[in-house]
Amino acid sequence: MAYRLSEAGSSVIVIEHGGSDAGPFIQMPGALSYPMSMPMYDWGYSSEPEANLDNRRLAAPRGKVVGGSSSINGMVYVRGHAKDYDGWADSGAQGWGYADVLPYFKRMEHWHPSGHGGDRGWRGRSGPLHVTRGSRNNPLTKAFVQAGVEAGYAATDDYNGQQQEGFGPMDATVWRGRRWSAANAYLKPALKRESCTLVRALAQKVVIEDGRATGVEVVRKGATEVIRARREVVLAASAFNSPKLLMLSGIGPGAHLAEHGIDVVADRPGVGGNLQDHLEIYLQMESIKPVSLYSYWWLLGKAWVGAQWLFLGRGLGASNQFESAGFIRSAAGVEYPDIQYHFLPIAVRYDGTSAVKGHGFQAHVGPMRSKSRGRVSLASANPVTAPKIEFNYMSQPEDWDDFRKCVRLTREIFAQPAFAPFAGAEIQPGPEVDTDAQIDGFIREHAESAYHPCGTCRMGSADDPEAVVDPEGRVIGVKGLRVADSSIFPAITNGNLNGPSIMVGEKMSDHLLGRTPLPAENAEPWAHPNWQTAQR
């Protein structure tokens, strides 16, 4: 938003509570496990005890740093499936079908196929956001794609092109060996213009006068002040903090606001509701050949990787190591993929902890379209208090069936000939976990968030009582206020959310500027010819 608005000559102030994104922990792709667990970069949120997951509190990281969550994420770039956006339009977000958003994906991308093939006609080649692919030199990374094909699934050369379904290379927001966050792609170039200013402060609430947003109350250097907006205020504070700020400003479920002594400006019951996320599990295998990243999973090994990146800008540190992907349908009759895979050539948790002692590999796998819904609410009217986050994971019977399929289908893929030279014993869940009840127990104990929260300021038609913003991002019931982040998603998209979130900023900037949207592109996505009767 800051980039496009300042590009058009508008005066923009960006309010950011977090600090600088400089330094190797953020900029080195191979160090991705560090920033999301560092209080200087992460808000440190966690869920309420999840009743269906052994009452565990799951980590819910969000970026508290320049670049937001794009500065602490895994750098995986996924647009989502065309039918995700057509579903948005059908639910009341008119103008957000895939034909409408495809031009904005292309406008934002600077895609580098680099000899890896890909669907050139569907990709952008001159946008600010560099999208690349890793070297895929590790034999385990190659074996994963080959095993998927051997198991009977399709191959896809570009899941962000016409055909998402299948196994193939994974895209990343990495450029010249560095994390290419929203800060590097958009904010820093915008700040070179006199019309864009960065203010380091904590936003406490939106100031609303006579039904119109006129500024933002912030705390800066210990003092409370109001930064005035001559035109509009735009919230882009995440699926957790955007609804929190709306509620602190008097916009939300009236009864809930009254409980915290907040005067109601606009009674919008949908604020904070409709919370969605992707939940995932890791299936881990021993590698009987010493070809995994475990060779570098010790002090001197990590030092070597870091030094090679720091001085030469290349090596293992220049990749997020998520270099192969898979999108499959769980059963015949499922129209488009509902399971996603990230493959990693080491057996380790996403946050870098609990590395298996030895060579191994793993697949991150989870369902894409759970019907479970949660809520973000206020724990206090104090702006420094963390919001109350209730995902309500695994609350639908279908969730359990979907996850059991994830386990069994992944085991089948790992049993293919491509992995025969590498695969040893199953580490997790372990061969003793086989029945539905045993698999369910594993899920309750080990499922983790994939860190894709969205939906808490849902976009819809202005006459929808549960909608929070209209299709132009305008908060219903308040003038001069918009939301432009993943919180406005009506439904979660297939895959990681950084790409779709940036697309929202691109498209919303045109709405705010009063421009005619880019012309729709009626490109037809690929569908399995026998999806009604065949799984693969």
# chains A, B, ... in the order shown; residues from 1 in each chain; ligands from 1
$ residues_around --residues "segment 10-18 of chain A" --least-positions-apart "4" --cutoff "6 Å" --atoms "only C-alpha atoms" --output "list in words"
Leu5, Ser6, Lys64, Val65, Ser195, Cys196, Thr197, Leu198, Val199, Arg200, Ala201 and Leu202 of chain A
$ residues_around --residues "segment 119-132 of chain A" --least-positions-apart "4" --cutoff "9 Å" --atoms "only C-alpha atoms" --output "PDB file with N, CA, C and O atoms, in the first residue's frame"
ATOM      1  N   TYR A  77       6.283 -19.116  -1.477  1.00  0.00           N
ATOM      2  CA  TYR A  77       5.388 -18.275  -2.256  1.00  0.00           C
ATOM      3  C   TYR A  77       4.355 -19.141  -2.967  1.00  0.00           C
ATOM      4  O   TYR A  77       4.679 -19.964  -3.823  1.00  0.00           O
ATOM      5  N   LEU A 102      -5.817 -12.222 -10.728  1.00  0.00           N
ATOM      6  CA  LEU A 102      -4.654 -12.663 -11.486  1.00  0.00           C
ATOM      7  C   LEU A 102      -3.819 -11.495 -12.012  1.00  0.00           C
ATOM      8  O   LEU A 102      -2.582 -11.523 -11.917  1.00  0.00           O
ATOM      9  N   PRO A 103      -4.433 -10.424 -12.543  1.00  0.00           N
ATOM     10  CA  PRO A 103      -3.606  -9.304 -13.010  1.00  0.00           C
ATOM     11  C   PRO A 103      -2.776  -8.661 -11.903  1.00  0.00           C
ATOM     12  O   PRO A 103      -1.686  -8.148 -12.171  1.00  0.00           O
ATOM     13  N   TYR A 104      -3.274  -8.711 -10.663  1.00  0.00           N
ATOM     14  CA  TYR A 104      -2.517  -8.124  -9.549  1.00  0.00           C
ATOM     15  C   TYR A 104      -1.379  -9.040  -9.105  1.00  0.00           C
ATOM     16  O   TYR A 104      -0.307  -8.559  -8.709  1.00  0.00           O
ATOM     17  N   PHE A 105      -1.594 -10.348  -9.167  1.00  0.00           N
ATOM     18  CA  PHE A 105      -0.473 -11.256  -8.920  1.00  0.00           C
ATOM     19  C   PHE A 105       0.629 -11.011  -9.954  1.00  0.00           C
ATOM     20  O   PHE A 105       1.819 -10.980  -9.620  1.00  0.00           O
ATOM     21  N   LYS A 106       0.229 -10.832 -11.201  1.00  0.00           N
ATOM     22  CA  LYS A 106       1.227 -10.623 -12.247  1.00  0.00           C
ATOM     23  C   LYS A 106       1.910  -9.260 -12.086  1.00  0.00           C
ATOM     24  O   LYS A 106       3.112  -9.125 -12.343  1.00  0.00           O
ATOM     25  N   ARG A 107       1.154  -8.255 -11.633  1.00  0.00           N
ATOM     26  CA  ARG A 107       1.754  -6.924 -11.448  1.00  0.00           C
ATOM     27  C   ARG A 107       2.796  -6.918 -10.333  1.00  0.00           C
ATOM     28  O   ARG A 107       3.807  -6.217 -10.418  1.00  0.00           O
ATOM     29  N   MET A 108       2.578  -7.716  -9.307  1.00  0.00           N
ATOM     30  CA  MET A 108       3.484  -7.685  -8.165  1.00  0.00           C
ATOM     31  C   MET A 108       4.718  -8.551  -8.354  1.00  0.00           C
ATOM     32  O   MET A 108       5.738  -8.329  -7.720  1.00  0.00           O
ATOM     33  N   GLU A 109       4.653  -9.548  -9.242  1.00  0.00           N
ATOM     34  CA  GLU A 109       5.724 -10.536  -9.361  1.00  0.00           C
ATOM     35  C   GLU A 109       6.854 -10.078 -10.270  1.00  0.00           C
ATOM     36  O   GLU A 109       6.629  -9.480 -11.327  1.00  0.00           O
ATOM     37  N   HIS A 110       8.057 -10.422  -9.859  1.00  0.00           N
ATOM     38  CA  HIS A 110       9.207 -10.458 -10.770  1.00  0.00           C
ATOM     39  C   HIS A 110       9.715 -11.890 -10.701  1.00  0.00           C
ATOM     40  O   HIS A 110      10.559 -12.225  -9.887  1.00  0.00           O
ATOM     41  N   TRP A 111       9.160 -12.702 -11.561  1.00  0.00           N
ATOM     42  CA  TRP A 111       9.397 -14.143 -11.486  1.00  0.00           C
ATOM     43  C   TRP A 111      10.631 -14.512 -12.289  1.00  0.00           C
ATOM     44  O   TRP A 111      10.830 -14.033 -13.409  1.00  0.00           O
ATOM     45  N   HIS A 112      11.448 -15.375 -11.710  1.00  0.00           N
ATOM     46  CA  HIS A 112      12.691 -15.793 -12.334  1.00  0.00           C
ATOM     47  C   HIS A 112      12.656 -17.309 -12.557  1.00  0.00           C
ATOM     48  O   HIS A 112      13.000 -18.078 -11.653  1.00  0.00           O
ATOM     49  N   PRO A 113      12.253 -17.770 -13.731  1.00  0.00           N
ATOM     50  CA  PRO A 113      12.221 -19.218 -13.958  1.00  0.00           C
ATOM     51  C   PRO A 113      13.605 -19.843 -13.950  1.00  0.00           C
ATOM     52  O   PRO A 113      13.764 -21.013 -13.599  1.00  0.00           O
ATOM     53  N   SER A 114      14.638 -19.085 -14.337  1.00  0.00           N
ATOM     54  CA  SER A 114      16.044 -19.521 -14.240  1.00  0.00           C
ATOM     55  C   SER A 114      16.280 -20.910 -14.825  1.00  0.00           C
ATOM     56  O   SER A 114      16.952 -21.748 -14.222  1.00  0.00           O
ATOM     57  N   ASP A 157       5.045 -28.258 -13.322  1.00  0.00           N
ATOM     58  CA  ASP A 157       6.266 -27.470 -13.416  1.00  0.00           C
ATOM     59  C   ASP A 157       6.111 -26.111 -12.751  1.00  0.00           C
ATOM     60  O   ASP A 157       7.084 -25.418 -12.510  1.00  0.00           O
ATOM     61  N   ASP A 158       4.851 -25.741 -12.469  1.00  0.00           N
ATOM     62  CA  ASP A 158       4.609 -24.423 -11.870  1.00  0.00           C
ATOM     63  C   ASP A 158       3.246 -24.416 -11.194  1.00  0.00           C
ATOM     64  O   ASP A 158       2.225 -24.169 -11.820  1.00  0.00           O
ATOM     65  N   TYR A 159       3.243 -24.673  -9.880  1.00  0.00           N
ATOM     66  CA  TYR A 159       1.958 -24.705  -9.167  1.00  0.00           C
ATOM     67  C   TYR A 159       1.340 -23.311  -9.037  1.00  0.00           C
ATOM     68  O   TYR A 159       0.167 -23.181  -8.671  1.00  0.00           O
ATOM     69  N   ASN A 160       2.097 -22.258  -9.322  1.00  0.00           N
ATOM     70  CA  ASN A 160       1.540 -20.904  -9.343  1.00  0.00           C
ATOM     71  C   ASN A 160       1.077 -20.493 -10.735  1.00  0.00           C
ATOM     72  O   ASN A 160       0.660 -19.347 -10.940  1.00  0.00           O
ATOM     73  N   GLY A 161       1.160 -21.417 -11.692  1.00  0.00           N
ATOM     74  CA  GLY A 161       0.672 -21.159 -13.036  1.00  0.00           C
ATOM     75  C   GLY A 161      -0.704 -21.756 -13.234  1.00  0.00           C
ATOM     76  O   GLY A 161      -1.565 -21.712 -12.356  1.00  0.00           O
ATOM     77  N   GLN A 162      -0.904 -22.361 -14.378  1.00  0.00           N
ATOM     78  CA  GLN A 162      -2.226 -22.893 -14.698  1.00  0.00           C
ATOM     79  C   GLN A 162      -2.567 -24.128 -13.866  1.00  0.00           C
ATOM     80  O   GLN A 162      -3.732 -24.355 -13.540  1.00  0.00           O
ATOM     81  N   GLN A 163      -1.562 -24.927 -13.500  1.00  0.00           N
ATOM     82  CA  GLN A 163      -1.812 -26.204 -12.829  1.00  0.00           C
ATOM     83  C   GLN A 163      -1.185 -26.228 -11.439  1.00  0.00           C
ATOM     84  O   GLN A 163       0.019 -26.421 -11.290  1.00  0.00           O
ATOM     85  N   MET A 170       9.276 -25.690  -5.701  1.00  0.00           N
ATOM     86  CA  MET A 170       8.606 -24.713  -4.851  1.00  0.00           C
ATOM     87  C   MET A 170       9.200 -23.330  -5.073  1.00  0.00           C
ATOM     88  O   MET A 170      10.410 -23.171  -5.199  1.00  0.00           O
ATOM     89  N   ASP A 171       8.333 -22.332  -5.143  1.00  0.00           N
ATOM     90  CA  ASP A 171       8.748 -20.937  -5.296  1.00  0.00           C
ATOM     91  C   ASP A 171       9.036 -20.307  -3.939  1.00  0.00           C
ATOM     92  O   ASP A 171       8.429 -20.678  -2.923  1.00  0.00           O
ATOM     93  N   ALA A 172       9.920 -19.317  -3.954  1.00  0.00           N
ATOM     94  CA  ALA A 172      10.290 -18.632  -2.710  1.00  0.00           C
ATOM     95  C   ALA A 172      10.511 -17.149  -2.964  1.00  0.00           C
ATOM     96  O   ALA A 172      10.951 -16.744  -4.047  1.00  0.00           O
ATOM     97  N   THR A 173      10.218 -16.340  -1.960  1.00  0.00           N
ATOM     98  CA  THR A 173      10.514 -14.911  -2.024  1.00  0.00           C
ATOM     99  C   THR A 173      11.948 -14.693  -1.550  1.00  0.00           C
ATOM    100  O   THR A 173      12.210 -14.171  -0.459  1.00  0.00           O
ATOM    101  N   VAL A 174      12.867 -15.146  -2.379  1.00  0.00           N
ATOM    102  CA  VAL A 174      14.303 -15.026  -2.141  1.00  0.00           C
ATOM    103  C   VAL A 174      14.921 -14.427  -3.395  1.00  0.00           C
ATOM    104  O   VAL A 174      14.579 -14.821  -4.509  1.00  0.00           O
ATOM    105  N   TRP A 175      15.833 -13.469  -3.184  1.00  0.00           N
ATOM    106  CA  TRP A 175      16.475 -12.836  -4.326  1.00  0.00           C
ATOM    107  C   TRP A 175      17.942 -12.603  -4.017  1.00  0.00           C
ATOM    108  O   TRP A 175      18.285 -11.986  -3.009  1.00  0.00           O
ATOM    109  N   TRP A 180      13.436 -11.815   0.391  1.00  0.00           N
ATOM    110  CA  TRP A 180      12.848 -10.690  -0.326  1.00  0.00           C
ATOM    111  C   TRP A 180      11.462 -10.419   0.259  1.00  0.00           C
ATOM    112  O   TRP A 180      10.433 -10.800  -0.266  1.00  0.00           O
ATOM    113  N   SER A 181      11.462  -9.748   1.397  1.00  0.00           N
ATOM    114  CA  SER A 181      10.248  -9.477   2.162  1.00  0.00           C
ATOM    115  C   SER A 181       9.479  -8.313   1.543  1.00  0.00           C
ATOM    116  O   SER A 181       9.932  -7.649   0.607  1.00  0.00           O
ATOM    117  N   ALA A 182       8.307  -8.028   2.105  1.00  0.00           N
ATOM    118  CA  ALA A 182       7.556  -6.850   1.680  1.00  0.00           C
ATOM    119  C   ALA A 182       8.335  -5.575   1.957  1.00  0.00           C
ATOM    120  O   ALA A 182       8.177  -4.571   1.260  1.00  0.00           O
ATOM    121  N   ASN A 184      11.740  -5.282   1.762  1.00  0.00           N
ATOM    122  CA  ASN A 184      12.738  -5.135   0.706  1.00  0.00           C
ATOM    123  C   ASN A 184      12.105  -4.822  -0.646  1.00  0.00           C
ATOM    124  O   ASN A 184      12.645  -4.048  -1.444  1.00  0.00           O
ATOM    125  N   ALA A 185      10.955  -5.427  -0.913  1.00  0.00           N
ATOM    126  CA  ALA A 185      10.318  -5.254  -2.212  1.00  0.00           C
ATOM    127  C   ALA A 185       9.582  -3.925  -2.333  1.00  0.00           C
ATOM    128  O   ALA A 185       9.615  -3.292  -3.399  1.00  0.00           O
ATOM    129  N   TYR A 186       8.929  -3.505  -1.267  1.00  0.00           N
ATOM    130  CA  TYR A 186       8.006  -2.376  -1.358  1.00  0.00           C
ATOM    131  C   TYR A 186       8.345  -1.198  -0.441  1.00  0.00           C
ATOM    132  O   TYR A 186       8.393  -0.055  -0.872  1.00  0.00           O
ATOM    133  N   ALA A 523      -8.403 -16.581 -17.486  1.00  0.00           N
ATOM    134  CA  ALA A 523      -7.555 -17.751 -17.714  1.00  0.00           C
ATOM    135  C   ALA A 523      -8.179 -18.964 -17.024  1.00  0.00           C
ATOM    136  O   ALA A 523      -8.609 -18.884 -15.873  1.00  0.00           O
TER     137      ALA A 523
END
$ select_by_dssp --residues "segment 161-380 of chain A" --states "alpha helix (DSSP H)" --output "PDB file with N, CA, C and O atoms, in the first residue's frame"
ATOM      1  N   ALA A 182       8.307  -8.028   2.105  1.00  0.00           N
ATOM      2  CA  ALA A 182       7.556  -6.850   1.680  1.00  0.00           C
ATOM      3  C   ALA A 182       8.335  -5.575   1.957  1.00  0.00           C
ATOM      4  O   ALA A 182       8.177  -4.571   1.260  1.00  0.00           O
ATOM      5  N   LYS A 188      11.022  -0.226   1.539  1.00  0.00           N
ATOM      6  CA  LYS A 188      12.283   0.520   1.444  1.00  0.00           C
ATOM      7  C   LYS A 188      12.343   1.391   0.186  1.00  0.00           C
ATOM      8  O   LYS A 188      12.774   2.549   0.260  1.00  0.00           O
ATOM      9  N   PRO A 189      11.915   0.883  -0.973  1.00  0.00           N
ATOM     10  CA  PRO A 189      11.839   1.787  -2.131  1.00  0.00           C
ATOM     11  C   PRO A 189      10.864   2.949  -1.906  1.00  0.00           C
ATOM     12  O   PRO A 189      11.135   4.075  -2.330  1.00  0.00           O
ATOM     13  N   ALA A 190       9.746   2.690  -1.227  1.00  0.00           N
ATOM     14  CA  ALA A 190       8.782   3.763  -0.967  1.00  0.00           C
ATOM     15  C   ALA A 190       9.364   4.834  -0.061  1.00  0.00           C
ATOM     16  O   ALA A 190       9.115   6.034  -0.246  1.00  0.00           O
ATOM     17  N   LEU A 191      10.163   4.408   0.925  1.00  0.00           N
ATOM     18  CA  LEU A 191      10.729   5.362   1.877  1.00  0.00           C
ATOM     19  C   LEU A 191      11.768   6.271   1.242  1.00  0.00           C
ATOM     20  O   LEU A 191      12.152   7.293   1.833  1.00  0.00           O
ATOM     21  N   SER A 238      -2.275  -7.571  10.662  1.00  0.00           N
ATOM     22  CA  SER A 238      -2.355  -9.033  10.776  1.00  0.00           C
ATOM     23  C   SER A 238      -3.746  -9.474  11.170  1.00  0.00           C
ATOM     24  O   SER A 238      -4.589  -8.688  11.629  1.00  0.00           O
ATOM     25  N   ALA A 239      -3.984 -10.778  11.011  1.00  0.00           N
ATOM     26  CA  ALA A 239      -5.280 -11.368  11.359  1.00  0.00           C
ATOM     27  C   ALA A 239      -5.543 -11.320  12.855  1.00  0.00           C
ATOM     28  O   ALA A 239      -6.676 -11.580  13.290  1.00  0.00           O
ATOM     29  N   PHE A 240      -4.526 -11.016  13.654  1.00  0.00           N
ATOM     30  CA  PHE A 240      -4.708 -10.877  15.097  1.00  0.00           C
ATOM     31  C   PHE A 240      -4.856  -9.408  15.501  1.00  0.00           C
ATOM     32  O   PHE A 240      -5.766  -9.039  16.225  1.00  0.00           O
ATOM     33  N   ASN A 241      -3.956  -8.574  15.013  1.00  0.00           N
ATOM     34  CA  ASN A 241      -3.923  -7.195  15.497  1.00  0.00           C
ATOM     35  C   ASN A 241      -4.870  -6.257  14.770  1.00  0.00           C
ATOM     36  O   ASN A 241      -5.279  -5.240  15.332  1.00  0.00           O
ATOM     37  N   SER A 242      -5.248  -6.564  13.531  1.00  0.00           N
ATOM     38  CA  SER A 242      -6.235  -5.707  12.866  1.00  0.00           C
ATOM     39  C   SER A 242      -7.596  -5.771  13.566  1.00  0.00           C
ATOM     40  O   SER A 242      -8.169  -4.724  13.875  1.00  0.00           O
ATOM     41  N   PRO A 243      -8.152  -6.963  13.857  1.00  0.00           N
ATOM     42  CA  PRO A 243      -9.413  -6.968  14.609  1.00  0.00           C
ATOM     43  C   PRO A 243      -9.254  -6.405  16.014  1.00  0.00           C
ATOM     44  O   PRO A 243     -10.174  -5.761  16.537  1.00  0.00           O
ATOM     45  N   LYS A 244      -8.091  -6.628  16.626  1.00  0.00           N
ATOM     46  CA  LYS A 244      -7.856  -6.053  17.950  1.00  0.00           C
ATOM     47  C   LYS A 244      -7.949  -4.528  17.904  1.00  0.00           C
ATOM     48  O   LYS A 244      -8.625  -3.906  18.738  1.00  0.00           O
ATOM     49  N   LEU A 245      -7.296  -3.906  16.915  1.00  0.00           N
ATOM     50  CA  LEU A 245      -7.338  -2.451  16.810  1.00  0.00           C
ATOM     51  C   LEU A 245      -8.746  -1.951  16.500  1.00  0.00           C
ATOM     52  O   LEU A 245      -9.173  -0.912  17.017  1.00  0.00           O
ATOM     53  N   LEU A 246      -9.478  -2.672  15.661  1.00  0.00           N
ATOM     54  CA  LEU A 246     -10.863  -2.270  15.397  1.00  0.00           C
ATOM     55  C   LEU A 246     -11.684  -2.284  16.680  1.00  0.00           C
ATOM     56  O   LEU A 246     -12.439  -1.337  16.964  1.00  0.00           O
ATOM     57  N   MET A 247     -11.534  -3.351  17.456  1.00  0.00           N
ATOM     58  CA  MET A 247     -12.312  -3.438  18.693  1.00  0.00           C
ATOM     59  C   MET A 247     -11.898  -2.366  19.705  1.00  0.00           C
ATOM     60  O   MET A 247     -12.749  -1.767  20.369  1.00  0.00           O
ATOM     61  N   LEU A 248     -10.618  -2.107  19.829  1.00  0.00           N
ATOM     62  CA  LEU A 248     -10.155  -1.033  20.722  1.00  0.00           C
ATOM     63  C   LEU A 248     -10.675   0.325  20.267  1.00  0.00           C
ATOM     64  O   LEU A 248     -10.788   1.253  21.085  1.00  0.00           O
ATOM     65  N   GLY A 254     -20.909  -5.527  19.760  1.00  0.00           N
ATOM     66  CA  GLY A 254     -21.258  -4.519  20.756  1.00  0.00           C
ATOM     67  C   GLY A 254     -21.175  -5.003  22.184  1.00  0.00           C
ATOM     68  O   GLY A 254     -20.629  -4.323  23.062  1.00  0.00           O
ATOM     69  N   ALA A 255     -21.725  -6.181  22.448  1.00  0.00           N
ATOM     70  CA  ALA A 255     -21.731  -6.708  23.817  1.00  0.00           C
ATOM     71  C   ALA A 255     -20.311  -6.961  24.311  1.00  0.00           C
ATOM     72  O   ALA A 255     -19.987  -6.694  25.478  1.00  0.00           O
ATOM     73  N   HIS A 256     -19.449  -7.465  23.434  1.00  0.00           N
ATOM     74  CA  HIS A 256     -18.066  -7.741  23.824  1.00  0.00           C
ATOM     75  C   HIS A 256     -17.324  -6.440  24.137  1.00  0.00           C
ATOM     76  O   HIS A 256     -16.563  -6.363  25.114  1.00  0.00           O
ATOM     77  N   LEU A 257     -17.550  -5.408  23.323  1.00  0.00           N
ATOM     78  CA  LEU A 257     -16.906  -4.130  23.588  1.00  0.00           C
ATOM     79  C   LEU A 257     -17.394  -3.539  24.911  1.00  0.00           C
ATOM     80  O   LEU A 257     -16.596  -2.991  25.693  1.00  0.00           O
ATOM     81  N   ALA A 258     -18.693  -3.667  25.164  1.00  0.00           N
ATOM     82  CA  ALA A 258     -19.251  -3.137  26.407  1.00  0.00           C
ATOM     83  C   ALA A 258     -18.648  -3.821  27.627  1.00  0.00           C
ATOM     84  O   ALA A 258     -18.437  -3.184  28.672  1.00  0.00           O
ATOM     85  N   GLU A 259     -18.369  -5.130  27.506  1.00  0.00           N
ATOM     86  CA  GLU A 259     -17.738  -5.857  28.617  1.00  0.00           C
ATOM     87  C   GLU A 259     -16.410  -5.225  29.028  1.00  0.00           C
ATOM     88  O   GLU A 259     -16.008  -5.313  30.190  1.00  0.00           O
ATOM     89  N   LEU A 299      27.494 -26.822  15.618  1.00  0.00           N
ATOM     90  CA  LEU A 299      27.986 -25.459  15.740  1.00  0.00           C
ATOM     91  C   LEU A 299      28.880 -25.047  14.578  1.00  0.00           C
ATOM     92  O   LEU A 299      28.667 -24.022  13.929  1.00  0.00           O
ATOM     93  N   LEU A 300      29.912 -25.839  14.270  1.00  0.00           N
ATOM     94  CA  LEU A 300      30.829 -25.464  13.201  1.00  0.00           C
ATOM     95  C   LEU A 300      30.161 -25.549  11.827  1.00  0.00           C
ATOM     96  O   LEU A 300      30.462 -24.764  10.931  1.00  0.00           O
ATOM     97  N   GLY A 301      29.245 -26.526  11.668  1.00  0.00           N
ATOM     98  CA  GLY A 301      28.525 -26.633  10.410  1.00  0.00           C
ATOM     99  C   GLY A 301      27.674 -25.410  10.142  1.00  0.00           C
ATOM    100  O   GLY A 301      27.658 -24.864   9.032  1.00  0.00           O
ATOM    101  N   LYS A 302      26.958 -24.951  11.173  1.00  0.00           N
ATOM    102  CA  LYS A 302      26.140 -23.755  11.024  1.00  0.00           C
ATOM    103  C   LYS A 302      27.018 -22.532  10.778  1.00  0.00           C
ATOM    104  O   LYS A 302      26.660 -21.631  10.000  1.00  0.00           O
ATOM    105  N   ALA A 303      28.178 -22.484  11.455  1.00  0.00           N
ATOM    106  CA  ALA A 303      29.094 -21.362  11.263  1.00  0.00           C
ATOM    107  C   ALA A 303      29.597 -21.315   9.820  1.00  0.00           C
ATOM    108  O   ALA A 303      29.712 -20.237   9.217  1.00  0.00           O
ATOM    109  N   TRP A 304      29.883 -22.492   9.252  1.00  0.00           N
ATOM    110  CA  TRP A 304      30.337 -22.547   7.864  1.00  0.00           C
ATOM    111  C   TRP A 304      29.250 -22.066   6.913  1.00  0.00           C
ATOM    112  O   TRP A 304      29.515 -21.267   6.000  1.00  0.00           O
ATOM    113  N   VAL A 305      28.019 -22.530   7.118  1.00  0.00           N
ATOM    114  CA  VAL A 305      26.905 -22.093   6.274  1.00  0.00           C
ATOM    115  C   VAL A 305      26.720 -20.584   6.380  1.00  0.00           C
ATOM    116  O   VAL A 305      26.553 -19.875   5.372  1.00  0.00           O
ATOM    117  N   GLY A 306      26.770 -20.057   7.619  1.00  0.00           N
ATOM    118  CA  GLY A 306      26.596 -18.623   7.822  1.00  0.00           C
ATOM    119  C   GLY A 306      27.701 -17.808   7.191  1.00  0.00           C
ATOM    120  O   GLY A 306      27.453 -16.762   6.567  1.00  0.00           O
ATOM    121  N   ALA A 307      28.928 -18.268   7.314  1.00  0.00           N
ATOM    122  CA  ALA A 307      30.057 -17.529   6.746  1.00  0.00           C
ATOM    123  C   ALA A 307      29.997 -17.517   5.223  1.00  0.00           C
ATOM    124  O   ALA A 307      30.285 -16.497   4.580  1.00  0.00           O
ATOM    125  N   GLN A 308      29.637 -18.653   4.641  1.00  0.00           N
ATOM    126  CA  GLN A 308      29.542 -18.729   3.186  1.00  0.00           C
ATOM    127  C   GLN A 308      28.479 -17.766   2.670  1.00  0.00           C
ATOM    128  O   GLN A 308      28.665 -17.095   1.652  1.00  0.00           O
ATOM    129  N   TRP A 309      27.364 -17.684   3.395  1.00  0.00           N
ATOM    130  CA  TRP A 309      26.311 -16.742   2.995  1.00  0.00           C
ATOM    131  C   TRP A 309      26.760 -15.302   3.204  1.00  0.00           C
ATOM    132  O   TRP A 309      26.565 -14.430   2.344  1.00  0.00           O
ATOM    133  N   LEU A 310      27.368 -15.016   4.361  1.00  0.00           N
ATOM    134  CA  LEU A 310      27.736 -13.647   4.711  1.00  0.00           C
ATOM    135  C   LEU A 310      28.762 -13.073   3.749  1.00  0.00           C
ATOM    136  O   LEU A 310      28.658 -11.920   3.322  1.00  0.00           O
ATOM    137  N   PHE A 311      29.751 -13.874   3.367  1.00  0.00           N
ATOM    138  CA  PHE A 311      30.845 -13.349   2.559  1.00  0.00           C
ATOM    139  C   PHE A 311      30.664 -13.571   1.062  1.00  0.00           C
ATOM    140  O   PHE A 311      31.198 -12.808   0.251  1.00  0.00           O
ATOM    141  N   LEU A 312      29.922 -14.606   0.695  1.00  0.00           N
ATOM    142  CA  LEU A 312      29.768 -14.929  -0.721  1.00  0.00           C
ATOM    143  C   LEU A 312      28.332 -14.807  -1.221  1.00  0.00           C
ATOM    144  O   LEU A 312      28.086 -14.823  -2.432  1.00  0.00           O
TER     145      LEU A 312
END
$ residues_around --residues "Glu390 of chain A" --least-positions-apart "6" --cutoff "9 Å" --atoms "only C-alpha atoms" --output "PyMOL selection string"
chain A and resi 47-50+275+373-377
$ write_last_selection --atoms "N, CA, C and O atoms" --output "short mmCIF file (atom, residue, chain, number, x, y, z; two decimals), in the first residue's frame"
data_model
loop_
_atom_site.label_atom_id
_atom_site.label_comp_id
_atom_site.auth_asym_id
_atom_site.auth_seq_id
_atom_site.Cartn_x
_atom_site.Cartn_y
_atom_site.Cartn_z
N SER A 47 -2.09 -19.39 21.19
CA SER A 47 -3.52 -19.63 21.26
C SER A 47 -3.95 -19.90 22.70
O SER A 47 -3.13 -20.18 23.58
N GLU A 48 -5.23 -19.82 22.92
CA GLU A 48 -5.81 -20.35 24.15
C GLU A 48 -5.67 -21.88 24.11
O GLU A 48 -5.41 -22.46 23.06
N PRO A 49 -5.80 -22.56 25.24
CA PRO A 49 -5.72 -24.03 25.21
C PRO A 49 -6.71 -24.60 24.20
O PRO A 49 -7.91 -24.28 24.25
N GLU A 50 -6.20 -25.42 23.29
CA GLU A 50 -7.04 -25.98 22.23
C GLU A 50 -7.63 -27.31 22.70
O GLU A 50 -6.92 -28.30 22.87
N LEU A 275 -12.05 -16.85 12.19
CA LEU A 275 -10.61 -17.13 12.21
C LEU A 275 -10.33 -18.50 11.62
O LEU A 275 -10.91 -19.51 12.03
N ARG A 373 -13.75 -23.02 12.63
CA ARG A 373 -13.61 -21.58 12.71
C ARG A 373 -13.36 -21.16 14.15
O ARG A 373 -13.93 -21.75 15.08
N GLY A 374 -12.53 -20.16 14.31
CA GLY A 374 -12.21 -19.65 15.63
C GLY A 374 -12.52 -18.17 15.74
O GLY A 374 -13.25 -17.60 14.94
N ARG A 375 -11.89 -17.54 16.75
CA ARG A 375 -12.18 -16.13 17.01
C ARG A 375 -11.00 -15.45 17.68
O ARG A 375 -10.30 -16.07 18.48
N VAL A 376 -10.82 -14.18 17.34
CA VAL A 376 -9.91 -13.29 18.06
C VAL A 376 -10.76 -12.31 18.84
O VAL A 376 -11.68 -11.70 18.28
N SER A 377 -10.49 -12.16 20.12
CA SER A 377 -11.25 -11.23 20.96
C SER A 377 -10.30 -10.48 21.87
O SER A 377 -9.10 -10.76 21.93
#
